[in-house]
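Visitor: Sharing run-v2.csv here; it has CSV, C-alpha atoms.
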```
chain,number,residue,atom,x,y,z
B,544,MET,CA,225.3,117.0,163.1
B,545,LYS,CA,221.9,118.4,162.3
B,546,ARG,CA,222.9,118.8,158.7
B,547,ARG,CA,224.1,115.2,158.5
B,548,LYS,CA,220.6,114.2,159.9
B,549,TYR,CA,218.8,116.1,157.1
B,550,LEU,CA,221.2,114.7,154.6
B,551,ASN,CA,220.5,111.1,155.7
B,552,ARG,CA,216.8,111.8,155.4
B,553,PHE,CA,217.1,113.3,152.0
B,554,ALA,CA,219.3,110.3,150.8
B,555,VAL,CA,216.7,107.8,152.1
B,556,PHE,CA,213.9,109.9,150.6
B,557,PHE,CA,215.6,110.1,147.2
B,558,SER,CA,216.4,106.3,147.1
B,559,ALA,CA,212.8,105.5,148.1
B,560,PHE,CA,211.5,107.9,145.5
B,561,MET,CA,213.5,106.3,142.7
B,562,LEU,CA,212.7,102.7,143.9
B,563,PHE,CA,209.0,103.6,144.1
B,564,PHE,CA,208.8,104.7,140.5
B,565,THR,CA,210.9,101.8,139.4
B,566,LEU,CA,208.6,99.2,141.0
B,567,PHE,CA,205.2,100.9,140.7
B,568,SER,CA,205.1,103.3,137.8
B,569,GLY,CA,204.7,100.4,135.4
B,570,SER,CA,206.9,101.9,132.7
B,571,ILE,CA,209.6,99.2,133.1
B,572,HIS,CA,206.9,96.4,133.3
B,573,ARG,CA,205.3,97.7,130.1
B,574,GLN,CA,208.6,97.6,128.3
B,575,THR,CA,210.0,94.4,129.7
B,576,MET,CA,208.7,92.6,126.7
B,577,PRO,CA,210.0,93.8,123.3
B,578,GLU,CA,207.3,94.9,120.8
B,579,VAL,CA,207.8,93.5,117.3
B,580,VAL,CA,206.2,93.9,113.8
B,581,VAL,CA,206.2,90.7,111.8
B,582,LEU,CA,205.7,89.5,108.2
B,583,ARG,CA,205.1,86.1,106.8
B,584,VAL,CA,207.8,85.0,104.3
B,585,ARG,CA,206.2,85.0,100.8
B,586,GLU,CA,207.0,84.2,97.3
B,587,ARG,CA,208.3,87.0,95.1
B,588,GLU,CA,209.6,87.4,91.6
B,589,PHE,CA,213.4,87.7,91.3
B,590,PRO,CA,215.3,88.4,88.1
B,591,VAL,CA,217.2,85.7,86.4
B,592,THR,CA,219.8,86.7,83.7
B,593,ILE,CA,220.7,84.2,81.1
B,594,ASP,CA,223.8,84.9,79.0
B,595,LEU,CA,223.2,84.0,75.3
B,596,GLU,CA,225.8,82.8,72.9
B,597,ASP,CA,226.0,86.0,70.9
B,598,GLY,CA,226.8,88.0,74.0
B,599,ALA,CA,223.3,89.2,74.5
B,600,LYS,CA,221.5,88.8,77.8
B,601,PHE,CA,218.0,87.4,78.4
B,602,ILE,CA,216.4,88.6,81.5
B,603,THR,CA,213.4,86.6,82.9
B,604,ALA,CA,212.0,86.1,86.4
B,605,LYS,CA,211.6,83.3,88.8
B,606,ARG,CA,209.3,83.0,91.8
B,607,GLU,CA,211.1,82.2,95.0
B,608,LEU,CA,210.6,82.7,98.8
B,609,GLY,CA,211.5,86.3,99.7
B,610,VAL,CA,212.3,88.2,102.8
B,611,PRO,CA,212.5,92.0,103.2
B,612,GLU,CA,215.8,93.6,103.9
B,613,SER,CA,214.5,95.1,107.2
B,614,ALA,CA,214.2,91.6,108.7
B,615,LEU,CA,217.8,90.8,108.1
B,616,ASP,CA,220.9,91.7,110.2
B,617,PHE,CA,224.1,91.5,108.3
B,618,PHE,CA,226.3,92.5,111.3
B,619,GLY,CA,229.3,90.2,111.5
B,620,MET,CA,228.2,88.1,108.5
B,621,ASP,CA,230.4,87.3,105.5
B,622,GLY,CA,229.9,88.9,102.2
B,623,GLY,CA,226.2,89.7,102.5
B,624,LYS,CA,225.1,86.1,101.4
B,625,THR,CA,224.2,85.1,105.0
B,626,ALA,CA,222.2,87.1,107.4
B,627,ARG,CA,220.6,86.7,110.8
B,628,ALA,CA,216.8,86.9,111.1
B,629,PHE,CA,214.3,86.4,114.0
B,630,VAL,CA,211.4,84.1,113.4
B,631,LEU,CA,208.2,84.3,115.5
B,632,GLU,CA,207.3,81.1,117.4
B,633,GLU,CA,204.1,80.6,119.3
B,634,THR,CA,204.4,78.8,122.6
B,635,GLU,CA,201.9,78.1,125.5
B,636,GLY,CA,203.2,81.2,127.3
B,637,GLY,CA,202.9,83.5,124.3
B,638,PHE,CA,205.2,84.4,121.5
B,639,ILE,CA,209.0,84.0,121.4
B,640,VAL,CA,211.5,84.8,118.7
B,641,ARG,CA,214.1,82.3,117.4
B,642,GLU,CA,217.3,83.3,115.8
B,643,ARG,CA,217.9,81.8,112.3
B,644,PHE,CA,220.8,82.1,109.9
B,645,VAL,CA,219.5,82.6,106.4
B,646,GLN,CA,221.3,81.9,103.1
B,647,LEU,CA,220.4,84.6,100.6
B,648,GLY,CA,220.2,84.7,96.8
B,649,GLU,CA,219.2,87.5,94.5
B,650,LYS,CA,218.1,90.9,95.6
B,651,ALA,CA,215.2,92.9,94.1
B,652,ASP,CA,213.2,95.9,95.3
B,653,GLY,CA,214.5,95.6,98.9
B,654,TRP,CA,213.7,91.9,99.1
B,655,TYR,CA,216.2,89.0,99.2
B,656,GLU,CA,215.6,85.6,97.8
B,657,VAL,CA,215.7,82.9,100.5
B,658,GLU,CA,217.9,79.9,99.5
B,659,ASP,CA,217.9,78.3,102.9
B,660,GLY,CA,217.0,78.9,106.5
B,661,LEU,CA,213.4,80.0,106.3
B,662,GLY,CA,210.2,78.2,105.3
B,663,LYS,CA,207.0,79.2,103.7
B,664,ARG,CA,205.0,79.5,106.9
B,665,ASP,CA,207.7,81.4,108.9
B,666,GLN,CA,206.9,84.8,110.2
B,667,VAL,CA,210.0,87.1,110.4
B,668,VAL,CA,210.5,90.1,112.7
B,669,CYS,CA,210.7,93.2,110.5
B,670,ALA,CA,210.9,95.8,113.2
B,671,ALA,CA,211.5,95.7,117.0
B,672,ASP,CA,211.6,98.5,119.6
B,673,ARG,CA,214.9,97.1,121.0
B,674,GLU,CA,217.5,94.5,120.3
B,675,LEU,CA,216.3,90.9,120.3
B,676,ALA,CA,218.0,87.6,121.3
B,677,ASP,CA,217.2,84.0,120.8
B,678,GLY,CA,214.3,82.8,122.9
B,679,VAL,CA,213.1,86.2,124.1
B,680,LYS,CA,209.4,86.6,124.8
B,681,VAL,CA,207.8,89.3,122.6
B,682,ARG,CA,204.6,91.1,122.1
B,683,VAL,CA,203.4,91.3,118.4
B,684,SER,CA,202.1,94.8,117.7
B,685,GLY,CA,201.1,94.0,114.1
B,686,GLU,CA,201.9,92.9,110.6
B,687,TRP,CA,204.4,94.9,108.6
B,688,GLY,CA,202.4,97.5,106.7
B,689,HIS,CA,204.5,98.3,103.7
B,690,VAL,CA,204.3,95.0,101.9
B,691,ARG,CA,204.7,95.4,98.2
T,179,MET,CA,237.0,148.6,149.6
T,180,LYS,CA,239.4,146.0,148.3
T,181,LYS,CA,237.7,143.4,150.4
T,182,LYS,CA,234.3,144.3,148.8
T,183,ILE,CA,235.7,144.1,145.3
T,184,VAL,CA,237.2,140.7,146.0
T,185,GLY,CA,233.9,139.6,147.6
T,186,PHE,CA,231.9,140.8,144.5
T,187,LEU,CA,234.3,139.0,142.1
T,188,VAL,CA,234.0,135.7,144.1
T,189,LEU,CA,230.2,136.0,144.1
T,190,LEU,CA,230.2,136.7,140.4
T,191,LEU,CA,232.4,133.6,139.7
T,192,ALA,CA,230.2,131.5,142.0
T,193,GLY,CA,227.2,132.7,140.1
T,194,ILE,CA,228.8,131.8,136.7
T,195,PHE,CA,229.6,128.3,137.9
T,196,LEU,CA,226.2,127.8,139.5
T,197,PHE,CA,224.2,129.1,136.5
T,198,PRO,CA,224.2,125.9,134.4
T,199,ALA,CA,223.0,123.8,137.4
T,200,LEU,CA,220.3,126.4,138.4
T,201,PHE,CA,219.2,126.7,134.8
T,202,THR,CA,218.9,122.9,134.5
T,203,VAL,CA,216.7,122.8,137.6
T,204,PHE,CA,214.6,125.7,136.4
T,205,ARG,CA,214.2,124.4,132.9
T,206,SER,CA,213.1,121.0,134.1
T,207,PHE,CA,210.0,122.6,135.5
T,208,THR,CA,209.0,124.5,132.3
T,209,GLN,CA,207.5,123.1,129.2
T,210,GLY,CA,207.0,126.0,126.8
T,211,GLY,CA,209.2,127.3,124.0
T,212,GLY,CA,212.2,129.6,124.1
T,213,VAL,CA,215.4,129.3,126.1
T,214,PHE,CA,213.7,129.3,129.5
T,215,GLY,CA,210.7,127.3,128.3
T,216,MET,CA,208.2,130.0,129.3
T,217,GLU,CA,207.0,131.0,125.8
T,218,GLY,CA,203.7,129.9,124.4
T,219,ALA,CA,201.6,127.2,126.0
T,220,GLY,CA,203.0,125.1,128.8
T,221,GLY,CA,204.7,127.3,131.4
T,222,LEU,CA,205.5,125.7,134.7
T,223,SER,CA,204.9,121.9,134.7
T,224,LEU,CA,206.0,118.6,136.1
T,225,ALA,CA,205.5,116.9,132.7
T,226,GLY,CA,209.2,116.3,132.2
T,227,TYR,CA,209.4,114.4,135.5
T,228,TYR,CA,206.2,112.5,134.6
T,229,ASP,CA,207.6,111.5,131.2
T,230,ILE,CA,210.9,110.1,132.5
T,231,LEU,CA,209.5,108.4,135.7
T,232,VAL,CA,206.2,107.1,134.4
T,233,GLU,CA,206.1,107.0,130.7
T,234,GLU,CA,209.6,106.1,129.6
T,235,ALA,CA,211.3,103.0,130.8
T,236,TRP,CA,214.8,103.9,129.6
T,237,TYR,CA,215.4,106.5,132.2
T,238,LEU,CA,214.9,104.3,135.3
T,239,ARG,CA,216.7,101.4,133.7
T,240,GLY,CA,219.7,103.6,132.9
T,241,PHE,CA,219.6,105.1,136.4
T,242,TRP,CA,219.9,101.7,138.0
T,243,ASN,CA,222.5,100.6,135.5
T,244,SER,CA,224.6,103.7,136.5
T,245,VAL,CA,224.1,102.9,140.2
T,246,LEU,CA,225.2,99.3,139.6
T,247,TYR,CA,228.3,100.3,137.6
T,248,ALA,CA,229.4,103.2,139.8
T,249,GLY,CA,228.7,101.3,143.0
T,250,VAL,CA,230.3,98.1,142.2
T,251,ILE,CA,233.4,99.7,140.5
T,252,THR,CA,233.9,102.1,143.5
T,253,VAL,CA,233.7,99.4,146.2
T,254,LEU,CA,235.9,96.9,144.3
T,255,ASN,CA,238.3,99.7,143.3
T,256,LEU,CA,238.8,100.6,147.0
T,257,ALA,CA,239.2,96.9,147.9
T,258,VAL,CA,242.0,96.6,145.3
T,259,CYS,CA,243.7,100.0,145.9
T,260,LEU,CA,244.0,99.8,149.7
T,261,PRO,CA,246.1,96.5,149.8
T,262,ALA,CA,248.0,97.5,146.7
T,263,ALA,CA,249.0,100.9,148.1
T,264,TYR,CA,249.8,99.3,151.5
T,265,ALA,CA,252.1,96.8,149.7
T,266,PHE,CA,253.9,99.7,147.9
T,267,ARG,CA,254.5,101.4,151.2
T,268,GLU,CA,255.3,98.6,153.5
T,269,ALA,CA,256.4,95.5,151.6
T,270,ASP,CA,259.9,95.2,150.4
T,271,PHE,CA,260.3,93.4,147.0
T,272,ARG,CA,262.5,93.5,144.0
T,273,GLY,CA,261.4,95.9,141.3
T,274,LYS,CA,259.1,97.9,143.6
T,275,GLY,CA,260.4,101.2,142.5
T,276,ALA,CA,260.2,100.3,138.8
T,277,LEU,CA,256.6,99.0,139.3
T,278,TYR,CA,255.6,102.1,141.1
T,279,PHE,CA,257.1,104.2,138.3
T,280,PHE,CA,255.2,102.2,135.8
T,281,TYR,CA,252.0,102.8,137.7
T,282,ILE,CA,252.6,106.6,137.6
T,283,VAL,CA,253.3,106.4,133.8
T,284,LEU,CA,250.1,104.4,133.3
T,285,MET,CA,248.2,107.0,135.3
T,286,MET,CA,249.4,109.7,132.9
T,287,MET,CA,248.1,107.9,129.9
T,288,PRO,CA,244.9,109.3,128.4
T,289,LEU,CA,241.9,107.1,128.3
T,290,GLN,CA,242.0,106.7,124.6
T,291,VAL,CA,245.4,105.0,124.8
T,292,THR,CA,244.4,102.4,127.3
T,293,MET,CA,241.0,101.8,125.6
T,294,LEU,CA,242.3,99.8,122.7
T,295,PRO,CA,244.2,97.2,124.8
T,296,ASN,CA,241.2,97.0,127.1
T,297,TYR,CA,238.9,96.4,124.1
T,298,ILE,CA,241.1,93.7,122.6
T,299,GLY,CA,241.5,92.0,126.0
T,300,LEU,CA,237.8,92.0,126.6
T,301,ARG,CA,237.0,90.9,123.1
T,302,ASP,CA,239.4,87.9,123.5
T,303,MET,CA,237.7,87.0,126.8
T,304,HIS,CA,234.3,87.2,125.0
T,305,LEU,CA,233.2,89.9,127.5
T,306,LEU,CA,232.2,92.6,125.0
T,307,ASP,CA,228.6,93.8,125.5
T,308,THR,CA,228.4,92.4,129.0
T,309,ARG,CA,228.4,94.3,132.3
T,310,PRO,CA,231.8,93.0,133.4
T,311,ALA,CA,233.2,94.7,130.3
T,312,LEU,CA,232.6,98.0,131.9
T,313,ILE,CA,233.3,96.9,135.5
T,314,LEU,CA,236.6,95.0,135.2
T,315,PRO,CA,238.7,97.8,133.7
T,316,GLY,CA,237.3,100.3,136.2
T,317,ILE,CA,238.4,98.3,139.2
T,318,PHE,CA,242.1,98.3,138.5
T,319,THR,CA,243.0,102.0,138.1
T,320,PRO,CA,246.5,103.3,139.0
T,321,PHE,CA,245.2,106.6,140.3
T,322,GLY,CA,243.6,105.1,143.4
T,323,VAL,CA,246.8,103.1,144.2
T,324,PHE,CA,249.0,106.2,143.7
T,325,LEU,CA,246.7,108.4,145.9
T,326,MET,CA,246.5,105.9,148.7
T,327,ALA,CA,250.2,105.1,148.6
T,328,GLN,CA,251.1,108.8,148.8
T,329,TYR,CA,248.8,109.2,151.8
T,330,MET,CA,250.1,106.1,153.5
T,331,GLY,CA,253.5,107.8,153.6
T,332,GLY,CA,252.1,109.6,156.7
T,333,LEU,CA,251.2,106.4,158.6
T,334,ASP,CA,252.3,106.3,162.2
T,335,ARG,CA,255.3,103.9,162.0
T,336,SER,CA,255.5,103.2,165.7
T,337,VAL,CA,251.9,101.9,165.8
T,338,LEU,CA,252.6,99.7,162.8
T,339,GLU,CA,255.7,98.3,164.4
T,340,ALA,CA,253.8,97.6,167.6
T,341,ALA,CA,251.1,95.8,165.5
T,342,ARG,CA,253.7,93.6,163.8
T,343,LEU,CA,254.9,92.4,167.2
T,344,GLU,CA,251.3,91.4,168.1
T,345,THR,CA,250.3,89.7,164.8
T,346,ARG,CA,251.8,88.3,161.6
T,347,SER,CA,248.6,88.9,159.7
T,348,VAL,CA,249.1,91.7,157.2
T,349,PHE,CA,245.3,91.7,156.6
T,350,LYS,CA,244.6,92.4,160.3
T,351,ILE,CA,247.2,95.2,160.4
T,352,LEU,CA,245.7,96.7,157.2
T,353,CYS,CA,242.2,96.6,158.5
T,354,HIS,CA,242.7,97.5,162.2
T,355,ILE,CA,245.8,99.8,162.1
T,356,ALA,CA,246.3,101.3,158.6
T,357,LEU,CA,242.7,101.7,157.5
T,358,PRO,CA,241.5,103.9,160.4
T,359,GLN,CA,244.5,106.2,159.8
T,360,VAL,CA,243.7,106.6,156.0
T,361,LYS,CA,239.9,106.7,156.1
T,362,THR,CA,239.7,110.3,155.1
T,363,CYS,CA,241.7,109.7,152.0
T,364,ALA,CA,239.8,106.5,151.3
T,365,ALA,CA,236.6,108.6,151.6
T,366,ALA,CA,238.0,111.1,149.1
T,367,LEU,CA,239.0,108.3,146.8
T,368,PHE,CA,235.5,106.8,147.1
T,369,LEU,CA,234.0,110.1,146.1
T,370,PHE,CA,236.4,110.6,143.1
T,371,THR,CA,235.9,107.1,141.8
T,372,PHE,CA,232.1,107.2,142.2
T,373,ALA,CA,231.8,110.5,140.4
T,374,GLU,CA,234.2,109.4,137.6
T,375,ASN,CA,232.2,106.2,137.0
T,376,TRP,CA,228.8,107.9,137.4
T,377,ASN,CA,229.8,110.0,134.4
T,378,LEU,CA,231.1,107.2,132.1
T,379,VAL,CA,230.5,108.0,128.4
T,380,GLU,CA,233.3,106.7,126.1
T,381,GLN,CA,233.8,103.3,127.7
T,382,PRO,CA,230.1,102.2,127.5
T,383,GLN,CA,229.7,103.5,124.0
T,384,ILE,CA,232.7,101.4,122.8
T,385,LEU,CA,232.3,98.3,125.0
T,386,LEU,CA,228.6,97.9,125.2
T,387,LYS,CA,226.3,97.5,122.2
T,388,SER,CA,222.8,96.8,123.7
T,389,GLU,CA,220.9,99.8,125.0
T,390,GLN,CA,219.6,97.7,127.9
T,391,LYS,CA,223.0,97.8,129.6
T,392,GLN,CA,223.9,101.4,128.9
T,393,PRO,CA,224.3,103.7,131.9
T,394,LEU,CA,222.3,106.9,132.2
T,395,SER,CA,225.2,109.1,131.3
T,396,VAL,CA,225.1,107.6,127.7
T,397,LEU,CA,221.3,107.4,127.5
T,398,LEU,CA,220.8,111.0,128.4
T,399,ALA,CA,223.0,111.9,125.5
T,400,VAL,CA,221.7,109.5,122.8
T,401,ARG,CA,217.9,109.3,123.6
T,402,GLY,CA,215.7,111.9,122.2
T,403,GLY,CA,212.7,113.4,123.9
T,404,GLY,CA,211.4,116.8,125.0
T,405,MET,CA,213.6,119.5,126.5
T,406,ALA,CA,211.7,119.3,129.8
T,407,SER,CA,212.2,115.6,130.2
T,408,LEU,CA,215.8,115.9,129.3
T,409,PHE,CA,216.5,118.6,131.9
T,410,ALA,CA,214.4,116.7,134.5
T,411,GLY,CA,216.6,113.7,133.8
T,412,CYS,CA,219.7,115.8,134.3
T,413,VAL,CA,218.4,117.0,137.6
T,414,LEU,CA,217.8,113.5,139.0
T,415,PHE,CA,221.1,112.4,137.5
T,416,MET,CA,222.9,115.1,139.6
T,417,VAL,CA,221.3,114.2,142.9
T,418,PRO,CA,223.3,111.0,143.9
T,419,VAL,CA,226.7,112.7,143.3
T,420,VAL,CA,225.6,115.9,145.2
T,421,ILE,CA,224.4,113.7,148.1
T,422,LEU,CA,227.8,111.9,148.2
T,423,TYR,CA,229.7,115.1,147.9
T,424,LEU,CA,227.8,116.6,150.9
T,425,TYR,CA,228.5,113.4,152.8
T,426,PHE,CA,232.2,113.3,152.1
T,427,HIS,CA,233.3,116.9,151.4
T,428,GLU,CA,235.0,117.3,154.8
T,429,SER,CA,236.9,114.0,154.2
T,430,LEU,CA,237.8,115.2,150.7
T,431,GLU,CA,239.3,118.5,152.0
T,432,GLU,CA,241.0,116.8,154.9
T,433,GLY,CA,242.2,113.8,152.9
T,434,LEU,CA,243.7,115.9,150.0
T,435,GLY,CA,245.0,118.5,152.4
T,436,ASN,CA,247.2,115.9,154.2
T,437,LEU,CA,248.5,114.4,151.0
T,438,LYS,CA,252.3,114.3,150.7
T,439,LEU,CA,253.2,114.4,147.1
```
Translate the structure described by the file into structure tokens.

Guide:
Amino acid sequence: MKRRKYLNRFAVFFSAFMLFFTLFSGSIHRQTMPEVVVLRVREREFPVTIDLEDGAKFITAKRELGVPESALDFFGMDGGKTARAFVLEETEGGFIVRERFVQLGEKADGWYEVEDGLGKRDQVVCAADRELADGVKVRVSGEWGHVR
Amino acid sequence: MKKKIVGFLVLLLAGIFLFPALFTVFRSFTQGGGVFGMEGAGGLSLAGYYDILVEEAWYLRGFWNSVLYAGVITVLNLAVCLPAAYAFREADFRGKGALYFFYIVLMMMPLQVTMLPNYIGLRDMHLLDTRPALILPGIFTPFGVFLMAQYMGGLDRSVLEAARLETRSVFKILCHIALPQVKTCAAALFLFTFAENWNLVEQPQILLKSEQKQPLSVLLAVRGGGMASLFAGCVLFMVPVVILYLYFHESLEEGLGNLKL
């Protein structure tokens, strides 16, 4: 009987201990909002290959909007020509991310040509400390540092 | 002399079995290098506990996920197993024997065999990567029904017959007559089910994608971090199951002791 009493006390103490740290340690509150690194979509040079009549190839370049590979999620998409990306949106309550489906063109140096789905002023999420979803509030920790 | 040798061997075996748990507790308080964490700078420290309780959010989130999964599955599992077992014992319907046999066959199946149909079913219901994906398959387990049905073989028939003269409600008979007679076995089943679902690893890794929903049993394995915080996490992870075992161990021994297989 006495042992049961001590056990009850210990169970209550342990539950209170875990609840206390959950509510007041701040670790969960700090990480409630995902932290993201963003990059503004910009123009890049992508190769264009022109087949000549005599079988030779002429390679030139075109300037198109580009998005880095790290901003794209190909999971569940068909053939690598469509990908999911998250675009930063500023609201009155702070920043949120919006899911966009992007049509892709050529690939060069880890960048994909944007055919549709992103505009010139869009900022895409290149890295996040956890999985994102449409409409989630985020904290922007900085601009992507390895822009080439 | 023989008694002393047996006593020594029993103590030795107990020591071997206890060593990993004691080592985990000791290692959670040390932060240095080496096997025991006592080499170099560091020594005894509470840094491991500080890291997981104050600095890192994943631990507490995983802990409460585990509490949610194990708690909900255990309660709902009992709510399903008790009436199902009572039906197998008391109700008379066509195909009862075959259905019970099927239950026992299903119980013998390894987890990997039932995982694929579970996955396909949950995918078609669009429940993958949701909490119900982990909870629903856990509720309907044949082991609990089998265990309770076997134990209900020892129910006092005369009391049940008398109850049937008093009321036609099967639910009332189950709650007021059968349940008090099988509560030790129900407590044992509670402990088994909770411990099993507290330690889920394969199911969440296959059915859940997002880390936010993963239980602690998975996060402890996949998240990196220092040795001290890992061992501290293991210590706190052991506590709920140990508390429940200390609560229910008498029921466990009594419940399984009276089981008629």

Visitor: Could the residues of chain T within 6 Å of chain B, counting all atoms listed in the file, be given as a PyMOL selection string, please?

Guide: chain T and resi 232-235

Visitor: Given all atoms listed in the file as the basis, pick out the residue of T:Gly185, T:Pro198, T:Gly332, T:Gln209 nearest to T:Met405.

Guide: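 Counting all atoms listed in the file, the residue closest to T:Met405 is T:Gln209.
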
Visitor: Distance atom CA of B:Phe589-atom CA of B:Gly653, one decimal place?

Guide: 11.0 Å

Visitor: Could you tell me how far atom CA of T:Val283 lies from atom CA of T:Ala311, in Å and to one decimal?

Guide: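 Calculated distance between atom CA of T:Val283 and atom CA of T:Ala311 is 23.5 Å.
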
Visitor: When you draw a straight line from atom CA of T:Leu224 to atom CA of T:Ala410, how long is it in Å?

Guide: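 Computed distance, atom CA of T:Leu224 to atom CA of T:Ala410, equals 8.8 Å.
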
Visitor: Which residues, written as a PyMOL selection string, have at least one atom at most 12 Å from T:Glu431, with all atoms listed in the file counted and residues fewer than 3 positions away on the same chain left out?

Guide: chain T and resi 362-363+365-367+369+423-428+434-437

Visitor: Using only C-alpha atoms, which residues sit within 8 Å of stretch 322-328 of chain T once same-chain residues fewer than 5 positions away are excluded, as a ChimeraX atom specification?

Guide: /T:255-256,259-260,262-264,266-267,281-282,360,363-364,367,437-439

Visitor: Within 6 Å of stretch 606-611 of chain B, counting only C-alpha atoms, which residues show up once you throw out same-chain ones fewer than 2 positions away? Write them as an mmCIF file with C-alpha atoms, in the frame of the given file, please.

Guide:
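And here's selection_4.cif as it stands now:
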```cif
data_model
loop_
_atom_site.group_PDB
_atom_site.id
_atom_site.type_symbol
_atom_site.label_atom_id
_atom_site.label_comp_id
_atom_site.auth_asym_id
_atom_site.auth_seq_id
_atom_site.Cartn_x
_atom_site.Cartn_y
_atom_site.Cartn_z
ATOM 1 C CA VAL B 584 207.800 85.000 104.300
ATOM 2 C CA ARG B 585 206.200 85.000 100.800
ATOM 3 C CA GLU B 586 207.000 84.200 97.300
ATOM 4 C CA ARG B 587 208.300 87.000 95.100
ATOM 5 C CA GLU B 588 209.600 87.400 91.600
ATOM 6 C CA SER B 613 214.500 95.100 107.200
ATOM 7 C CA ALA B 614 214.200 91.600 108.700
ATOM 8 C CA GLY B 653 214.500 95.600 98.900
ATOM 9 C CA TRP B 654 213.700 91.900 99.100
ATOM 10 C CA TYR B 655 216.200 89.000 99.200
ATOM 11 C CA GLU B 656 215.600 85.600 97.800
ATOM 12 C CA VAL B 657 215.700 82.900 100.500
#
```

Visitor: Determine, counting only C-alpha atoms, which protein, DNA and RNA residues have an atom within 10 Å of an atom of T:Leu300; residues of the same chain fewer than 4 positions away are not included. Present the result as number ranges by chain.

Guide: T: 294-296, 304-308, 310-312, 314-315, 385

Visitor: Please list as a list in words every residue within 8 Å of T:Val379, counting only C-alpha atoms and excluding residues in the same chain fewer than 4 positions away.

Guide: Gln383, Ser395 and Val396 of chain T

Visitor: With 10 Å as the threshold, what does the neighbourhood of (206.5, 91.9, 112.6) contain in terms of residues, counting all atoms listed in the file? Coordinates are those of the file; answer as a PDB file with C-alpha atoms, in the frame of the given file.

Guide:
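And here's out_4.pdb as it stands now:
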```pdb
ATOM      1  CA  GLU B 578     207.300  94.900 120.800  1.00  0.00           C
ATOM      2  CA  VAL B 579     207.800  93.500 117.300  1.00  0.00           C
ATOM      3  CA  VAL B 580     206.200  93.900 113.800  1.00  0.00           C
ATOM      4  CA  VAL B 581     206.200  90.700 111.800  1.00  0.00           C
ATOM      5  CA  LEU B 582     205.700  89.500 108.200  1.00  0.00           C
ATOM      6  CA  ARG B 583     205.100  86.100 106.800  1.00  0.00           C
ATOM      7  CA  ALA B 614     214.200  91.600 108.700  1.00  0.00           C
ATOM      8  CA  PHE B 629     214.300  86.400 114.000  1.00  0.00           C
ATOM      9  CA  VAL B 630     211.400  84.100 113.400  1.00  0.00           C
ATOM     10  CA  LEU B 631     208.200  84.300 115.500  1.00  0.00           C
ATOM     11  CA  GLN B 666     206.900  84.800 110.200  1.00  0.00           C
ATOM     12  CA  VAL B 667     210.000  87.100 110.400  1.00  0.00           C
ATOM     13  CA  VAL B 668     210.500  90.100 112.700  1.00  0.00           C
ATOM     14  CA  CYS B 669     210.700  93.200 110.500  1.00  0.00           C
ATOM     15  CA  ALA B 670     210.900  95.800 113.200  1.00  0.00           C
ATOM     16  CA  ALA B 671     211.500  95.700 117.000  1.00  0.00           C
ATOM     17  CA  ARG B 682     204.600  91.100 122.100  1.00  0.00           C
ATOM     18  CA  VAL B 683     203.400  91.300 118.400  1.00  0.00           C
ATOM     19  CA  SER B 684     202.100  94.800 117.700  1.00  0.00           C
ATOM     20  CA  GLY B 685     201.100  94.000 114.100  1.00  0.00           C
ATOM     21  CA  GLU B 686     201.900  92.900 110.600  1.00  0.00           C
ATOM     22  CA  TRP B 687     204.400  94.900 108.600  1.00  0.00           C
ATOM     23  CA  GLY B 688     202.400  97.500 106.700  1.00  0.00           C
TER      24      GLY B 688
END
```

Visitor: Counting only C-alpha atoms, I want the residues whose atoms come within 10 Å of (238.1, 106.8, 127.6) in the file frame, returned as a list in words.

Guide: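 Selection result: Pro288, Leu289, Gln290, Val291, Thr292, Met293, Leu294, Leu378, Val379, Glu380, Gln381, Pro382, Gln383 and Ile384 of chain T.
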
Visitor: As an mmCIF file, in the coordinates of the input, could you write out stretch 384-391 of chain T once it has been completed with N, CA and C atoms?

Guide:
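File out-v8.cif, as written:
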```
data_model
loop_
_atom_site.group_PDB
_atom_site.id
_atom_site.type_symbol
_atom_site.label_atom_id
_atom_site.label_comp_id
_atom_site.auth_asym_id
_atom_site.auth_seq_id
_atom_site.Cartn_x
_atom_site.Cartn_y
_atom_site.Cartn_z
ATOM 1 N N ILE T 384 231.793 102.276 123.614
ATOM 2 C CA ILE T 384 232.700 101.400 122.800
ATOM 3 C C ILE T 384 232.508 99.932 123.255
ATOM 4 N N LEU T 385 232.326 99.697 124.541
ATOM 5 C CA LEU T 385 232.300 98.300 125.000
ATOM 6 C C LEU T 385 230.950 97.654 125.086
ATOM 7 N N LEU T 386 229.898 98.457 125.094
ATOM 8 C CA LEU T 386 228.600 97.900 125.200
ATOM 9 C C LEU T 386 227.779 98.233 123.916
ATOM 10 N N LYS T 387 227.046 97.242 123.407
ATOM 11 C CA LYS T 387 226.300 97.500 122.200
ATOM 12 C C LYS T 387 224.787 97.668 122.545
ATOM 13 N N SER T 388 224.283 96.793 123.423
ATOM 14 C CA SER T 388 222.800 96.800 123.700
ATOM 15 C C SER T 388 222.463 98.007 124.613
ATOM 16 N N GLU T 389 221.370 98.625 124.262
ATOM 17 C CA GLU T 389 220.900 99.800 125.000
ATOM 18 C C GLU T 389 220.473 99.399 126.440
ATOM 19 N N GLN T 390 220.050 98.146 126.604
ATOM 20 C CA GLN T 390 219.600 97.700 127.900
ATOM 21 C C GLN T 390 220.661 97.816 128.993
ATOM 22 N N LYS T 391 221.926 97.753 128.574
ATOM 23 C CA LYS T 391 223.000 97.800 129.600
ATOM 24 C C LYS T 391 223.678 99.119 129.674
#
```
